[in-house]
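Since the structure comes first, as structure tokens, the remarks are kept for the end.
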Amino acid sequence: MEIQKLYDIDDIEFEDIAIALVRLVKHIPDHEFFFKINQHNDLKFSRIKDLVFHGIYYDFYFPRFEAYHKHTKTCFTFISNKSSESNQKKLQTELFAEEENIKFLLNNHPEVEYILHSSEQFPDFSVILLAENLAFPIQDYNLSSEEELYQIIQYYE
């Protein structure tokens, strides 16, 4: 007897993830940025375990900060777009290897300091107040399932 497939992996459509991009007016350390955010909000962001991306030659570490909004019952996570450290695990022997010791989660947006993600399918990022002199307005961004960051966020969710 033949086993019948219930679904075909290629036919499954994945929905986009709504994230937000946060650009800082000037570079400041993470702890200073989140201290200011915690002062302006009833949210208390704290550092959680780093997001780890395993490359071919390096393991990259991206700081993450998380808080829970009691009124909307939503968990918000800030992920650093730029790796804070990298550990070399293999020596590069290729002349034109594309992997360097610094990685951006969004390669096309190196000016973005943080990626803001929510546990909600349709998040309301307006509940997070950023100091005007610290960051530009939060920019909404749809992340398609073809992008590398989509898979990473799904894994850490």
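Labeling convention for the structure tokens: chains A, B, ... as they appear, residues from 1 per chain, ligands from 1 in order of appearance.
Note that DSSP on the backbone gives helix (DSSP H, G or I) to these residues of stretch 24-138 of chain A: Asp30, His31, Glu32, Phe33, Phe34, Phe35, Lys36, Ile37, Asn38, Gln39, His40, Phe125, Ser126 and Val127 of chain A.
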Next on the checklist: Need to verify the contact set: A:Gln121, 12 Å, only C-alpha atoms, exclusion of same-chain residues closer than 4 positions in sequence. Can you return it as a list in words?
Outcome noted: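 The contact residues come out as Glu15, Asp16, Ile17, Ala18, Ile19, Thr74, Cys75, Phe76, His117, Phe125, Asn142 and Glu157 of chain A.
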Next on the checklist: Report as a VMD selection string all protein, DNA and RNA residues lying within 12 Å of A:Asn41, evaluated on only C-alpha atoms, omitting residues in the same chain fewer than 2 positions from it.
Outcome noted: chain A and resid 34 to 39 43 to 45 67 to 70 126 to 131
Item to check | Exercise: A:Glu98 partners within 12 Å, only C-alpha atoms, chain neighbours under 6 positions left out, as a list in words | outcome: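 My list of contacting residues is Gly55, Ile56, Tyr57, Tyr58 and Gln92 of chain A.
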Item to check | strand (DSSP E) call set, DSSP backbone run, chain A, as an NGL selection string | outcome: :A and (17-22 or 46-54 or 58-69 or 74-80 or 85-88 or 114-118 or 139-143)
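Straight-line separation from atom CA of A:Ser118 to atom CA of A:Val22: 13.7 Å.
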Next on the checklist: Restricting the calculation to only C-alpha atoms: of A:Phe33, A:Tyr114, A:Phe136, A:Phe53, which residue gets closest to A:Ile79?
Outcome noted: A:Tyr114
Next on the checklist: I'd like the neighbourhood of A:Leu105 as number ranges by chain, where a residue qualifies if any of its atoms comes within 9 Å (using only C-alpha atoms), though same-chain residues fewer than 6 positions away should be ignored.
Outcome noted: A: 62, 80-83, 115, 148-149
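Each of A:Leu91, A:Ala135, A:Ile153, A:Ile48 was checked against A:Glu113 using only C-alpha atoms; the smallest atom-to-atom distance is that of A:Ala135.
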Next on the checklist: Under the rule that only C-alpha atoms are counted, which of A:Phe122, A:Phe78, A:Phe96, A:Phe60 is the nearest residue to A:Arg23?
Outcome noted: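 Of A:Phe122, A:Phe78, A:Phe96, A:Phe60, the one nearest A:Arg23, counting only C-alpha atoms, is A:Phe78.
Straight-line separation from atom CA of A:Leu24 to atom CA of A:Glu85: 20.0 Å.
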Item to check | Selected residue, from A:Glu94, A:Lys89, A:Glu66, A:Leu106, that lies nearest to A:Tyr141 when counting only C-alpha atoms | outcome: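 With only C-alpha atoms as the atom set, the closest residue is A:Leu106.
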Next on the checklist: Between atom CA of A:His54 and atom CA of A:Tyr150, what is the distance in Å, rounded to a tenth?
Outcome noted: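 Between these atoms lies a distance of 15.2 Å.
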Checklist entry - Looking at A:Thr72, A:Ala20, A:Asn101, A:Thr77, which one is nearest to A:Asp42, with distances taken over only C-alpha atoms? => result A:Thr72
Next on the checklist: My list of candidates is A:Asp59, A:Gln139, A:Ile152, A:Glu147. Which is closest to A:Asn108 when distances are computed with only C-alpha atoms?
Outcome noted: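 Ranked by minimum distance to A:Asn108, first place goes to A:Glu147.
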